[in-house]
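The file query03.tsv comes next; it holds TSV, C-alpha atoms and all ligand atoms.
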```tsv
chain	number	residue	atom	x	y	z
A	1	MET	CA	-12.65	16.44	19.30
A	2	LYS	CA	-14.77	14.67	16.71
A	3	VAL	CA	-12.56	13.65	13.78
A	4	ALA	CA	-13.39	12.11	10.39
A	5	ILE	CA	-10.68	10.21	8.52
A	6	ILE	CA	-11.03	9.24	4.87
A	7	GLY	CA	-9.14	6.02	4.07
A	8	ALA	CA	-8.33	2.90	6.09
A	9	GLY	CA	-4.84	2.23	4.76
A	10	LEU	CA	-1.88	2.24	7.13
A	11	SER	CA	-1.71	6.05	7.41
A	12	GLY	CA	-5.45	6.51	8.04
A	13	ILE	CA	-5.66	3.76	10.65
A	14	LYS	CA	-2.44	4.80	12.40
A	15	ALA	CA	-3.80	8.36	12.69
A	16	ALA	CA	-7.18	7.08	13.88
A	17	SER	CA	-5.62	4.85	16.50
A	18	LEU	CA	-3.42	7.63	17.91
A	19	LEU	CA	-6.41	9.98	18.15
A	20	ALA	CA	-8.62	7.33	19.74
A	21	ASP	CA	-5.88	6.59	22.30
A	22	SER	CA	-5.93	10.29	23.27
A	23	GLY	CA	-9.67	10.18	23.88
A	24	HIS	CA	-10.92	11.74	20.65
A	25	GLU	CA	-14.03	10.50	18.84
A	26	VAL	CA	-12.84	9.17	15.48
A	27	THR	CA	-14.74	7.73	12.51
A	28	VAL	CA	-12.92	6.26	9.52
A	29	PHE	CA	-14.58	6.05	6.09
A	30	GLU	CA	-13.25	3.43	3.68
A	31	LYS	CA	-14.55	2.70	0.21
A	32	SER	CA	-13.28	-0.92	0.13
A	33	ARG	CA	-14.64	-3.93	2.02
A	34	GLY	CA	-11.72	-4.14	4.45
A	35	LEU	CA	-8.73	-2.35	5.95
A	36	GLY	CA	-5.26	-2.12	4.43
A	37	GLY	CA	-5.46	-0.02	1.24
A	38	ARG	CA	-2.39	-0.77	-0.83
A	39	LEU	CA	-1.38	-3.54	1.59
A	40	ALA	CA	-4.05	-5.56	-0.18
A	41	ASN	CA	-4.22	-9.28	-0.82
A	42	ARG	CA	-6.10	-11.76	-2.94
A	43	ARG	CA	-7.24	-15.21	-1.80
A	44	GLU	CA	-6.85	-17.83	-4.54
A	45	ALA	CA	-7.25	-21.61	-4.25
A	46	TRP	CA	-3.49	-21.91	-4.81
A	47	GLY	CA	-2.46	-19.44	-2.09
A	48	LYS	CA	-3.12	-16.09	-0.42
A	49	LEU	CA	-1.26	-13.42	-2.36
A	50	ASP	CA	-0.07	-10.05	-1.18
A	51	ILE	CA	-0.70	-8.03	-4.33
A	52	GLY	CA	0.47	-4.57	-3.18
A	53	ALA	CA	3.54	-3.94	-1.02
A	54	GLN	CA	5.64	-7.11	-0.85
A	55	TYR	CA	7.79	-6.26	2.14
A	56	PHE	CA	8.90	-3.19	4.07
A	57	THR	CA	11.98	-1.72	5.65
A	58	ALA	CA	12.44	0.41	8.78
A	59	ARG	CA	14.96	3.24	9.00
A	60	ASP	CA	13.34	5.81	11.29
A	61	PRO	CA	13.97	5.06	15.02
A	62	GLY	CA	10.29	5.61	15.92
A	63	PHE	CA	9.14	3.22	13.20
A	64	GLN	CA	11.81	0.72	14.24
A	65	LYS	CA	10.24	0.71	17.72
A	66	GLN	CA	6.85	0.04	16.17
A	67	VAL	CA	8.33	-2.83	14.16
A	68	GLU	CA	9.91	-4.26	17.34
A	69	SER	CA	6.51	-4.39	19.02
A	70	TRP	CA	4.95	-5.89	15.88
A	71	LEU	CA	7.67	-8.57	15.89
A	72	GLN	CA	6.98	-9.39	19.54
A	73	ALA	CA	3.26	-9.69	18.81
A	74	SER	CA	3.96	-11.86	15.72
A	75	VAL	CA	2.23	-9.25	13.53
A	76	VAL	CA	5.34	-9.16	11.33
A	77	LYS	CA	8.13	-11.57	10.47
A	78	ILE	CA	11.56	-11.09	8.96
A	79	TRP	CA	11.83	-12.33	5.38
A	80	GLU	CA	15.45	-13.35	5.22
A	81	PHE	CA	16.98	-13.82	1.80
A	82	SER	CA	19.70	-12.49	-0.46
A	83	PRO	CA	18.15	-10.73	-3.42
A	84	TYR	CA	19.08	-11.24	-7.05
A	85	CYS	CA	19.07	-8.67	-9.80
A	86	VAL	CA	18.99	-8.85	-13.58
A	87	LYS	CA	22.13	-7.83	-15.45
A	88	GLN	CA	22.13	-8.06	-19.25
A	89	GLY	CA	19.22	-10.46	-19.09
A	90	LYS	CA	20.97	-12.76	-16.60
A	91	LEU	CA	20.12	-13.51	-12.99
A	92	THR	CA	22.92	-12.18	-10.78
A	93	PRO	CA	23.29	-12.38	-6.98
A	94	SER	CA	22.95	-8.95	-5.36
A	95	PRO	CA	23.37	-9.55	-1.62
A	96	ASP	CA	22.69	-6.65	0.72
A	97	GLU	CA	22.34	-6.00	4.44
A	98	THR	CA	18.72	-4.79	4.23
A	99	VAL	CA	16.35	-6.29	6.80
A	100	ARG	CA	13.02	-6.95	5.07
A	101	TYR	CA	9.80	-7.40	7.03
A	102	ILE	CA	6.47	-8.89	6.00
A	103	GLY	CA	3.06	-8.83	7.66
A	104	SER	CA	1.96	-12.15	9.13
A	105	PRO	CA	0.02	-13.87	7.72
A	106	LEU	CA	-0.39	-11.05	5.15
A	107	MET	CA	0.71	-7.44	4.82
A	108	ASN	CA	-2.66	-5.99	5.88
A	109	GLN	CA	-2.11	-7.45	9.37
A	110	LEU	CA	-0.11	-4.29	10.13
A	111	VAL	CA	-3.25	-2.23	9.69
A	112	TYR	CA	-5.62	-4.65	11.44
A	113	SER	CA	-3.29	-4.76	14.45
A	114	LEU	CA	-3.47	-0.95	14.80
A	115	GLY	CA	-7.17	-0.63	14.10
A	116	THR	CA	-8.62	-2.53	17.04
A	117	ASN	CA	-9.80	0.64	18.88
A	118	VAL	CA	-11.23	2.44	15.82
A	119	ALA	CA	-14.71	2.63	14.26
A	120	VAL	CA	-14.49	2.05	10.49
A	121	ASN	CA	-17.35	2.50	8.02
A	122	CYS	CA	-16.31	0.13	5.23
A	123	GLN	CA	-17.81	0.17	1.72
A	124	CYS	CA	-18.44	3.87	2.23
A	125	LYS	CA	-16.90	5.99	-0.53
A	126	ILE	CA	-16.85	9.68	0.31
A	127	SER	CA	-17.68	11.57	-2.88
A	128	LYS	CA	-18.11	15.12	-1.57
A	129	ILE	CA	-17.03	17.14	1.45
A	130	GLU	CA	-18.15	20.55	2.72
A	131	LYS	CA	-17.11	22.84	5.56
A	132	SER	CA	-19.77	24.83	7.41
A	133	ARG	CA	-19.80	26.75	10.69
A	134	LYS	CA	-20.85	23.51	12.38
A	135	GLY	CA	-17.84	21.60	11.09
A	136	TRP	CA	-17.13	19.16	8.26
A	137	ARG	CA	-19.90	17.37	6.38
A	138	LEU	CA	-19.14	14.24	4.36
A	139	PHE	CA	-21.40	12.81	1.66
A	140	SER	CA	-21.07	9.19	0.61
A	141	ALA	CA	-21.48	8.01	-2.97
A	142	ASP	CA	-24.64	6.20	-1.74
A	143	GLY	CA	-26.18	9.49	-0.64
A	144	GLU	CA	-25.55	9.21	3.12
A	145	LEU	CA	-24.58	12.33	5.08
A	146	PHE	CA	-22.15	12.36	8.01
A	147	TYR	CA	-21.71	15.68	9.86
A	148	GLY	CA	-20.42	17.58	12.86
A	149	PHE	CA	-16.69	16.79	12.57
A	150	ASP	CA	-14.23	19.30	14.10
A	151	TRP	CA	-11.33	18.02	11.98
A	152	LEU	CA	-11.06	16.15	8.69
A	153	ILE	CA	-8.02	14.02	7.81
A	154	VAL	CA	-7.73	12.75	4.24
A	155	SER	CA	-5.38	9.79	3.67
A	156	SER	CA	-6.06	8.73	0.07
A	157	PRO	CA	-3.41	8.82	-2.71
A	158	ALA	CA	-2.59	12.41	-3.77
A	159	GLU	CA	-4.62	12.36	-6.98
A	160	GLN	CA	-7.77	11.18	-5.16
A	161	SER	CA	-7.24	13.65	-2.32
A	162	ARG	CA	-7.01	16.51	-4.82
A	163	THR	CA	-10.35	15.59	-6.38
A	164	LEU	CA	-12.04	15.66	-2.98
A	165	LEU	CA	-10.36	18.76	-1.59
A	166	ASP	CA	-10.04	21.19	-4.47
A	167	ARG	CA	-13.26	23.07	-3.69
A	168	CYS	CA	-12.64	23.38	0.06
A	169	SER	CA	-8.99	24.32	0.51
A	170	ASP	CA	-5.83	25.22	-1.39
A	171	VAL	CA	-3.80	22.80	0.75
A	172	MET	CA	-3.03	20.66	-2.35
A	173	ALA	CA	-1.62	23.64	-4.31
A	174	VAL	CA	1.98	22.58	-3.51
A	175	VAL	CA	1.39	19.05	-4.82
A	176	PRO	CA	2.17	18.16	-8.45
A	177	VAL	CA	-0.86	17.08	-10.49
A	178	THR	CA	0.60	13.61	-11.00
A	179	VAL	CA	2.39	11.96	-8.10
A	180	HIS	CA	1.95	8.25	-8.81
A	181	ARG	CA	2.65	5.93	-11.71
A	182	PRO	CA	0.80	2.67	-12.35
A	183	CYS	CA	1.88	-0.93	-11.87
A	184	TRP	CA	0.58	-4.12	-13.40
A	185	ALA	CA	0.80	-6.95	-10.85
A	186	ALA	CA	0.70	-10.63	-11.84
A	187	GLY	CA	0.32	-13.57	-9.46
A	188	LEU	CA	1.53	-16.89	-10.87
A	189	ALA	CA	1.26	-20.48	-9.67
A	190	THR	CA	3.98	-22.53	-11.37
A	191	ARG	CA	5.26	-26.07	-11.64
A	192	GLY	CA	8.94	-26.63	-12.35
A	193	LYS	CA	12.26	-26.44	-10.58
A	194	ILE	CA	13.81	-23.15	-9.55
A	195	PRO	CA	16.87	-22.95	-7.27
A	196	GLU	CA	15.78	-22.53	-3.64
A	197	GLU	CA	17.94	-19.49	-3.00
A	198	VAL	CA	16.08	-17.37	-5.58
A	199	GLN	CA	13.44	-15.63	-3.46
A	200	GLY	CA	13.35	-12.01	-4.55
A	201	ILE	CA	14.53	-10.42	-7.80
A	202	PHE	CA	15.13	-6.78	-8.65
A	203	GLY	CA	14.12	-6.94	-12.30
A	204	ASP	CA	14.53	-4.92	-15.48
A	205	GLU	CA	12.58	-2.56	-17.71
A	206	THR	CA	9.72	-5.09	-17.98
A	207	VAL	CA	9.34	-6.55	-14.49
A	208	ARG	CA	10.66	-4.35	-11.73
A	209	TRP	CA	10.34	-6.77	-8.81
A	210	ALA	CA	9.52	-10.47	-8.44
A	211	SER	CA	8.65	-12.12	-5.11
A	212	ARG	CA	8.70	-15.86	-4.71
A	213	LEU	CA	5.80	-15.70	-2.27
A	214	SER	CA	5.98	-19.42	-1.58
A	215	SER	CA	9.42	-18.92	-0.01
A	216	ARG	CA	8.17	-16.41	2.56
A	217	PRO	CA	7.87	-17.62	6.18
A	218	GLY	CA	4.37	-18.96	6.90
A	219	PHE	CA	3.15	-19.05	3.27
A	220	ILE	CA	0.66	-21.86	2.67
A	221	LYS	CA	0.35	-22.95	-0.96
A	222	SER	CA	-1.74	-25.59	-2.61
A	223	PRO	CA	0.21	-28.91	-2.79
A	224	ASP	CA	-0.35	-29.24	-6.55
A	225	VAL	CA	1.89	-26.27	-7.40
A	226	ASP	CA	5.62	-25.90	-6.80
A	227	ASP	CA	5.72	-22.14	-6.45
A	228	VAL	CA	3.67	-18.99	-6.15
A	229	TRP	CA	5.06	-15.71	-7.52
A	230	MET	CA	4.07	-12.06	-7.50
A	231	LEU	CA	5.53	-9.98	-10.32
A	232	HIS	CA	5.31	-6.19	-10.37
A	233	PHE	CA	5.82	-4.75	-13.83
A	234	SER	CA	7.76	-1.50	-14.23
A	235	PRO	CA	5.93	1.85	-14.31
A	236	GLU	CA	7.06	2.47	-17.90
A	237	TRP	CA	5.85	-0.93	-19.10
A	238	SER	CA	2.59	-0.62	-17.12
A	239	GLU	CA	1.92	2.86	-18.50
A	240	GLN	CA	2.59	1.65	-22.03
A	241	GLN	CA	0.11	-1.25	-21.71
A	242	GLY	CA	-2.54	0.71	-19.80
A	243	ARG	CA	-5.38	-0.71	-17.74
A	244	GLU	CA	-7.42	-1.85	-20.75
A	245	THR	CA	-4.70	-3.90	-22.42
A	246	ALA	CA	-5.74	-7.17	-24.07
A	247	MET	CA	-2.31	-8.62	-23.32
A	248	ASP	CA	-2.11	-11.79	-21.22
A	249	ILE	CA	-0.17	-10.28	-18.31
A	250	GLY	CA	0.27	-13.64	-16.56
A	251	GLN	CA	1.70	-15.30	-19.68
A	252	THR	CA	4.07	-12.35	-20.21
A	253	GLY	CA	5.23	-12.71	-16.62
A	254	LEU	CA	5.74	-16.44	-17.02
A	255	GLN	CA	7.82	-15.95	-20.17
A	256	TRP	CA	9.93	-13.34	-18.37
A	257	LEU	CA	10.56	-15.74	-15.49
A	258	GLN	CA	11.35	-18.68	-17.79
A	259	ALA	CA	13.84	-16.68	-19.83
A	260	LEU	CA	15.56	-15.50	-16.67
A	261	MET	CA	15.70	-18.96	-15.07
A	262	ASP	CA	16.58	-20.60	-18.37
A	263	THR	CA	14.08	-23.36	-17.64
A	264	GLU	CA	10.62	-24.57	-18.68
A	265	LEU	CA	7.90	-23.69	-16.20
A	266	GLU	CA	4.32	-24.86	-16.33
A	267	LYS	CA	1.78	-22.18	-15.46
A	268	SER	CA	-1.12	-23.59	-13.48
A	269	ALA	CA	-2.97	-20.35	-12.65
A	270	THR	CA	-2.66	-16.57	-12.81
A	271	TYR	CA	-4.17	-13.49	-11.25
A	272	ARG	CA	-3.71	-9.92	-12.44
A	273	HIS	CA	-4.35	-6.51	-10.94
A	274	TYR	CA	-3.77	-3.00	-12.26
A	275	TRP	CA	-2.58	-0.52	-9.62
A	276	ARG	CA	-3.30	3.00	-10.77
A	277	TYR	CA	-1.37	4.60	-7.88
A	278	ALA	CA	1.78	2.59	-7.22
A	279	ASN	CA	5.26	3.92	-7.86
A	280	MET	CA	5.86	7.46	-6.70
A	281	LYS	CA	7.52	10.23	-8.64
A	282	PRO	CA	10.13	11.95	-6.46
A	283	VAL	CA	8.30	14.72	-4.57
A	284	THR	CA	9.20	16.20	-1.21
A	285	PHE	CA	7.40	18.50	1.19
A	286	ASP	CA	8.53	20.51	4.25
A	287	LYS	CA	6.69	18.13	6.55
A	288	PRO	CA	5.42	14.56	6.03
A	289	TYR	CA	1.83	15.86	5.93
A	290	LEU	CA	-0.09	18.93	4.72
A	291	MET	CA	-2.28	21.00	7.00
A	292	ASP	CA	-4.81	23.82	6.63
A	293	GLU	CA	-5.24	24.88	10.26
A	294	HIS	CA	-7.84	27.51	9.39
A	295	GLN	CA	-10.09	24.86	7.82
A	296	ARG	CA	-9.11	22.22	10.41
A	297	LEU	CA	-8.01	19.90	7.63
A	298	ALA	CA	-4.98	17.60	7.32
A	299	VAL	CA	-3.73	15.51	4.43
A	300	ILE	CA	-1.59	12.47	5.13
A	301	GLY	CA	-0.37	9.35	3.35
A	302	ALA	CA	2.77	7.55	2.31
A	303	TRP	CA	3.08	9.92	-0.65
A	304	CYS	CA	3.68	12.86	1.74
A	305	ALA	CA	6.75	11.06	3.13
A	306	GLY	CA	8.52	9.45	0.18
A	307	GLY	CA	6.04	6.62	-0.43
A	308	ARG	CA	6.37	3.13	1.02
A	309	VAL	CA	5.01	1.55	4.18
A	310	GLU	CA	7.34	3.44	6.50
A	311	GLY	CA	6.25	6.75	4.94
A	312	ALA	CA	2.57	6.01	5.61
A	313	TRP	CA	3.27	5.34	9.28
A	314	LEU	CA	5.54	8.40	9.68
A	315	SER	CA	3.10	10.73	7.95
A	316	ALA	CA	0.31	9.78	10.36
A	317	GLN	CA	2.55	9.79	13.44
A	318	GLU	CA	3.95	13.28	12.80
A	319	CYS	CA	0.65	14.80	11.72
A	320	ILE	CA	-1.20	13.69	14.84
A	321	GLN	CA	1.72	14.76	17.03
A	322	ASP	CA	1.45	18.30	15.55
A	323	LEU	CA	-2.36	18.49	15.35
A	324	PRO	CA	-3.54	21.60	17.24
A	325	GLY	CA	-6.22	21.35	19.94
B	1	LIG	C1	2.17	-2.51	-6.43
B	1	LIG	C2	2.73	-1.86	-5.19
B	1	LIG	C3	3.92	-2.30	-4.64
B	1	LIG	C4	4.44	-1.71	-3.49
B	1	LIG	N1	5.58	-2.20	-2.94
B	1	LIG	C5	6.02	-1.69	-1.77
B	1	LIG	C6	7.11	-2.31	-1.08
B	1	LIG	O1	7.65	-3.33	-1.52
B	1	LIG	N2	7.54	-1.75	0.10
B	1	LIG	C7	6.92	-0.63	0.62
B	1	LIG	O2	7.35	-0.17	1.70
B	1	LIG	N3	5.88	-0.06	0.01
B	1	LIG	C8	5.41	-0.56	-1.16
B	1	LIG	N4	4.32	-0.01	-1.77
B	1	LIG	C9	3.76	1.23	-1.23
B	1	LIG	C10	2.84	1.01	0.00
B	1	LIG	O3	1.95	-0.04	-0.23
B	1	LIG	C11	2.06	2.30	0.22
B	1	LIG	O4	2.95	3.39	0.27
B	1	LIG	C12	1.25	2.32	1.52
B	1	LIG	O5	0.60	1.10	1.75
B	1	LIG	C13	0.25	3.46	1.39
B	1	LIG	O6	-0.50	3.61	2.58
B	1	LIG	P1	-1.47	4.86	2.71
B	1	LIG	O7	-2.21	4.73	3.97
B	1	LIG	O8	-0.71	6.11	2.49
B	1	LIG	O9	-2.47	4.77	1.44
B	1	LIG	P2	-3.46	3.59	0.98
B	1	LIG	O10	-2.98	2.28	1.43
B	1	LIG	O11	-3.66	3.80	-0.49
B	1	LIG	O12	-4.80	3.94	1.76
B	1	LIG	C14	-5.73	4.88	1.29
B	1	LIG	C15	-7.14	4.32	1.52
B	1	LIG	O13	-8.09	5.32	1.18
B	1	LIG	C16	-9.21	4.70	0.59
B	1	LIG	N5	-9.94	5.74	-0.16
B	1	LIG	C17	-9.48	6.48	-1.21
B	1	LIG	N6	-10.42	7.36	-1.60
B	1	LIG	C18	-11.48	7.18	-0.76
B	1	LIG	C19	-12.77	7.81	-0.66
B	1	LIG	N7	-13.14	8.79	-1.50
B	1	LIG	N8	-13.62	7.39	0.31
B	1	LIG	C20	-13.26	6.39	1.17
B	1	LIG	N9	-12.05	5.76	1.11
B	1	LIG	C21	-11.18	6.16	0.16
B	1	LIG	C22	-8.58	3.61	-0.29
B	1	LIG	O14	-9.51	2.61	-0.62
B	1	LIG	C23	-7.45	3.12	0.63
B	1	LIG	O15	-7.87	2.04	1.43
B	1	LIG	C24	3.76	-0.61	-2.90
B	1	LIG	C25	2.54	-0.17	-3.44
B	1	LIG	C26	2.02	-0.79	-4.57
B	1	LIG	C27	0.68	-0.33	-5.12
```

Spit out the file's structure as structure tokens when you get a sec.
Amino acid sequence: MKVAIIGAGLSGIKAASLLADSGHEVTVFEKSRGLGGRLANRREAWGKLDIGAQYFTARDPGFQKQVESWLQASVVKIWEFSPYCVKQGKLTPSPDETVRYIGSPLMNQLVYSLGTNVAVNCQCKISKIEKSRKGWRLFSADGELFYGFDWLIVSSPAEQSRTLLDRCSDVMAVVPVTVHRPCWAAGLATRGKIPEEVQGIFGDETVRWASRLSSRPGFIKSPDVDDVWMLHFSPEWSEQQGRETAMDIGQTGLQWLQALMDTELEKSATYRHYWRYANMKPVTFDKPYLMDEHQRLAVIGAWCAGGRVEGAWLSAQECIQDLPG
């Protein structure tokens, strides 16, 4: 079969790799410059920052097997720490038994490790799709046409998939109009002392999660900073500010961290990114993918399986397992 996949995040590349392994001809179309989607990173002089997912967990036995092989190949490492949480504005230990994994050196390594047998057209945004008797036709935003695909698999976030698919299939009819909520992310390079054991913090109504990236195994930071942090602001706070806010997100993050640590920190640099599709509203479907067999169309992605890294992998795995013909 000749299959087109839109999106080179974890779900798209996992699906592509499974199909390629079974001898199918697969082409992936990705609007960004590289693979990984929301396992994205940013290279700054003061360190390489994972700006999307910060770590992942593995509960499903099939995914646990995948993680085992990633561990053996040094694609992932265990990030071992006891988390803290914020209670009445105070930092409080919140130890748990959760095993947290990170990609090595960065989260997108998960995707690159799976994508070695797959052809990916990067910087190719698909803006229109059509089904004819000769199969699926895809039009890029630059005016290129790709045609003759027996199956189409769409792996973008729900809202983007709806925009593409609405005219071709009613497969998205069961999906709420809004599935994701936004997240402001702030990377901070700081100078100042913070206790070594503070590595990850479940936050409050302002910052939902803070990673001390510089404490993660293998992190290389510039010697002139003490720490590198990634703060993810809560969906409510992020929605309230909006993408166009004039607020200094880095400074707000620094003040939040200082208040929590009850110490003066010097900010040496910041980076900010607005994620439009981050936190998921609770939605569930019968299966971890959607399929329109008549149109030979499948829709996958973490959002079909509860969000998160594990959901992206499971969605692709189960969809390809059930794909007819
Ligand atoms: C801020 C943030 C924090 C997170 N934290 C965690 C965490 O700690 N743990 C965890 O497990 N998960 C976390 N997640 C969730 C996790 O990152 C995602 O669930 C997972 O990476 C999604 O993978 P995916 O393949 O479903 O989608 P994506 O990674 O979004 O991949 C979709 C791809 O499709 C491409 N695309 C979209 N439209 C088009 C088009 N028209 N043409 C071509 N390409 C297109 C996009 O560029 C993208 O590369 C977080 C996400 C965010 C944003």

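Near region 239-245 of chain A, within a cut-off of 12 Å and counting only C-alpha atoms, sit the residues A:His180, A:Arg181, A:Pro182, A:Cys183, A:Trp184, A:Ala185, A:Glu205, A:Thr206, A:Phe233, A:Ser234, A:Pro235, A:Glu236, A:Asp248, A:Ile249, A:Thr252, A:Arg272, A:His273, A:Tyr274, A:Trp275, A:Arg276, A:Tyr277, A:Ala278, A:Asn279, with same-chain residues fewer than 3 positions away left out.
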
Neighbouring residues of ligand LIG 1 (chain B) are defined here as those with any atom at most 8 Å from a ligand atom, counting all atoms listed in the file; list them as a PDB file with C-alpha atoms, in the coordinates of the input.
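Result went into selection25.pdb, see below:
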```pdb
ATOM      1  CA  ILE A   6     -11.030   9.240   4.870  1.00  0.00           C
ATOM      2  CA  GLY A   7      -9.140   6.020   4.070  1.00  0.00           C
ATOM      3  CA  ALA A   8      -8.330   2.900   6.090  1.00  0.00           C
ATOM      4  CA  GLY A   9      -4.840   2.230   4.760  1.00  0.00           C
ATOM      5  CA  LEU A  10      -1.880   2.240   7.130  1.00  0.00           C
ATOM      6  CA  SER A  11      -1.710   6.050   7.410  1.00  0.00           C
ATOM      7  CA  GLY A  12      -5.450   6.510   8.040  1.00  0.00           C
ATOM      8  CA  ILE A  13      -5.660   3.760  10.650  1.00  0.00           C
ATOM      9  CA  PHE A  29     -14.580   6.050   6.090  1.00  0.00           C
ATOM     10  CA  GLU A  30     -13.250   3.430   3.680  1.00  0.00           C
ATOM     11  CA  LYS A  31     -14.550   2.700   0.210  1.00  0.00           C
ATOM     12  CA  SER A  32     -13.280  -0.920   0.130  1.00  0.00           C
ATOM     13  CA  GLY A  34     -11.720  -4.140   4.450  1.00  0.00           C
ATOM     14  CA  LEU A  35      -8.730  -2.350   5.950  1.00  0.00           C
ATOM     15  CA  GLY A  36      -5.260  -2.120   4.430  1.00  0.00           C
ATOM     16  CA  GLY A  37      -5.460  -0.020   1.240  1.00  0.00           C
ATOM     17  CA  ARG A  38      -2.390  -0.770  -0.830  1.00  0.00           C
ATOM     18  CA  LEU A  39      -1.380  -3.540   1.590  1.00  0.00           C
ATOM     19  CA  ILE A  51      -0.700  -8.030  -4.330  1.00  0.00           C
ATOM     20  CA  GLY A  52       0.470  -4.570  -3.180  1.00  0.00           C
ATOM     21  CA  ALA A  53       3.540  -3.940  -1.020  1.00  0.00           C
ATOM     22  CA  GLN A  54       5.640  -7.110  -0.850  1.00  0.00           C
ATOM     23  CA  TYR A  55       7.790  -6.260   2.140  1.00  0.00           C
ATOM     24  CA  PHE A  56       8.900  -3.190   4.070  1.00  0.00           C
ATOM     25  CA  THR A  57      11.980  -1.720   5.650  1.00  0.00           C
ATOM     26  CA  GLN A 123     -17.810   0.170   1.720  1.00  0.00           C
ATOM     27  CA  CYS A 124     -18.440   3.870   2.230  1.00  0.00           C
ATOM     28  CA  LYS A 125     -16.900   5.990  -0.530  1.00  0.00           C
ATOM     29  CA  ILE A 126     -16.850   9.680   0.310  1.00  0.00           C
ATOM     30  CA  SER A 127     -17.680  11.570  -2.880  1.00  0.00           C
ATOM     31  CA  SER A 140     -21.070   9.190   0.610  1.00  0.00           C
ATOM     32  CA  SER A 155      -5.380   9.790   3.670  1.00  0.00           C
ATOM     33  CA  SER A 156      -6.060   8.730   0.070  1.00  0.00           C
ATOM     34  CA  PRO A 157      -3.410   8.820  -2.710  1.00  0.00           C
ATOM     35  CA  GLN A 160      -7.770  11.180  -5.160  1.00  0.00           C
ATOM     36  CA  SER A 161      -7.240  13.650  -2.320  1.00  0.00           C
ATOM     37  CA  LEU A 164     -12.040  15.660  -2.980  1.00  0.00           C
ATOM     38  CA  PRO A 182       0.800   2.670 -12.350  1.00  0.00           C
ATOM     39  CA  CYS A 183       1.880  -0.930 -11.870  1.00  0.00           C
ATOM     40  CA  TRP A 184       0.580  -4.120 -13.400  1.00  0.00           C
ATOM     41  CA  ALA A 185       0.800  -6.950 -10.850  1.00  0.00           C
ATOM     42  CA  HIS A 232       5.310  -6.190 -10.370  1.00  0.00           C
ATOM     43  CA  TRP A 275      -2.580  -0.520  -9.620  1.00  0.00           C
ATOM     44  CA  ARG A 276      -3.300   3.000 -10.770  1.00  0.00           C
ATOM     45  CA  TYR A 277      -1.370   4.600  -7.880  1.00  0.00           C
ATOM     46  CA  ALA A 278       1.780   2.590  -7.220  1.00  0.00           C
ATOM     47  CA  ASN A 279       5.260   3.920  -7.860  1.00  0.00           C
ATOM     48  CA  ILE A 300      -1.590  12.470   5.130  1.00  0.00           C
ATOM     49  CA  GLY A 301      -0.370   9.350   3.350  1.00  0.00           C
ATOM     50  CA  ALA A 302       2.770   7.550   2.310  1.00  0.00           C
ATOM     51  CA  TRP A 303       3.080   9.920  -0.650  1.00  0.00           C
ATOM     52  CA  GLY A 307       6.040   6.620  -0.430  1.00  0.00           C
ATOM     53  CA  ARG A 308       6.370   3.130   1.020  1.00  0.00           C
ATOM     54  CA  VAL A 309       5.010   1.550   4.180  1.00  0.00           C
ATOM     55  CA  GLU A 310       7.340   3.440   6.500  1.00  0.00           C
ATOM     56  CA  GLY A 311       6.250   6.750   4.940  1.00  0.00           C
ATOM     57  CA  ALA A 312       2.570   6.010   5.610  1.00  0.00           C
ATOM     58  CA  TRP A 313       3.270   5.340   9.280  1.00  0.00           C
TER      59      TRP A 313
END
```

Go ahead and fit an axis-aligned box to every listed atom of region 219-237 of chain A plus 3 Å each side, and pass me the centre and edge lengths in Å, one decimal, as JSON.
```
{"center_x": 3.0, "center_y": -13.4, "center_z": -7.9, "size_x": 15.5, "size_y": 37.7, "size_z": 28.4}
```

Report as a CSV table (one decimal) with C-alpha atoms, in the coordinates of the input all protein, DNA and RNA residues lying within 8 Å of Lys221 (chain A), evaluated on only C-alpha atoms, omitting residues in the same chain fewer than 4 positions from it.
```
chain,number,residue,atom,x,y,z
A,46,TRP,CA,-3.5,-21.9,-4.8
A,47,GLY,CA,-2.5,-19.4,-2.1
A,48,LYS,CA,-3.1,-16.1,-0.4
A,214,SER,CA,6.0,-19.4,-1.6
A,225,VAL,CA,1.9,-26.3,-7.4
A,227,ASP,CA,5.7,-22.1,-6.4
A,228,VAL,CA,3.7,-19.0,-6.2
```

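The environment of region 109-117 of chain A within 8 Å, counting only C-alpha atoms and disregarding residues fewer than 2 places along the same chain, consists of Gly9, Leu10, Ile13, Lys14, Ala16, Ser17, Ala20, Asp21, Leu35, Gly36, Trp70, Val75, Val76, Gly103, Ser104, Pro105, Leu106, Met107 and Ala119 of chain A.
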
Could you please take those selected residues and save C-alpha atoms as an mmCIF file, in the frame of the given file?
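Result written to out-v3.cif:
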```cif
data_model
loop_
_atom_site.group_PDB
_atom_site.id
_atom_site.type_symbol
_atom_site.label_atom_id
_atom_site.label_comp_id
_atom_site.auth_asym_id
_atom_site.auth_seq_id
_atom_site.Cartn_x
_atom_site.Cartn_y
_atom_site.Cartn_z
ATOM 1 C CA GLY A 9 -4.840 2.230 4.760
ATOM 2 C CA LEU A 10 -1.880 2.240 7.130
ATOM 3 C CA ILE A 13 -5.660 3.760 10.650
ATOM 4 C CA LYS A 14 -2.440 4.800 12.400
ATOM 5 C CA ALA A 16 -7.180 7.080 13.880
ATOM 6 C CA SER A 17 -5.620 4.850 16.500
ATOM 7 C CA ALA A 20 -8.620 7.330 19.740
ATOM 8 C CA ASP A 21 -5.880 6.590 22.300
ATOM 9 C CA LEU A 35 -8.730 -2.350 5.950
ATOM 10 C CA GLY A 36 -5.260 -2.120 4.430
ATOM 11 C CA TRP A 70 4.950 -5.890 15.880
ATOM 12 C CA VAL A 75 2.230 -9.250 13.530
ATOM 13 C CA VAL A 76 5.340 -9.160 11.330
ATOM 14 C CA GLY A 103 3.060 -8.830 7.660
ATOM 15 C CA SER A 104 1.960 -12.150 9.130
ATOM 16 C CA PRO A 105 0.020 -13.870 7.720
ATOM 17 C CA LEU A 106 -0.390 -11.050 5.150
ATOM 18 C CA MET A 107 0.710 -7.440 4.820
ATOM 19 C CA ALA A 119 -14.710 2.630 14.260
#
```
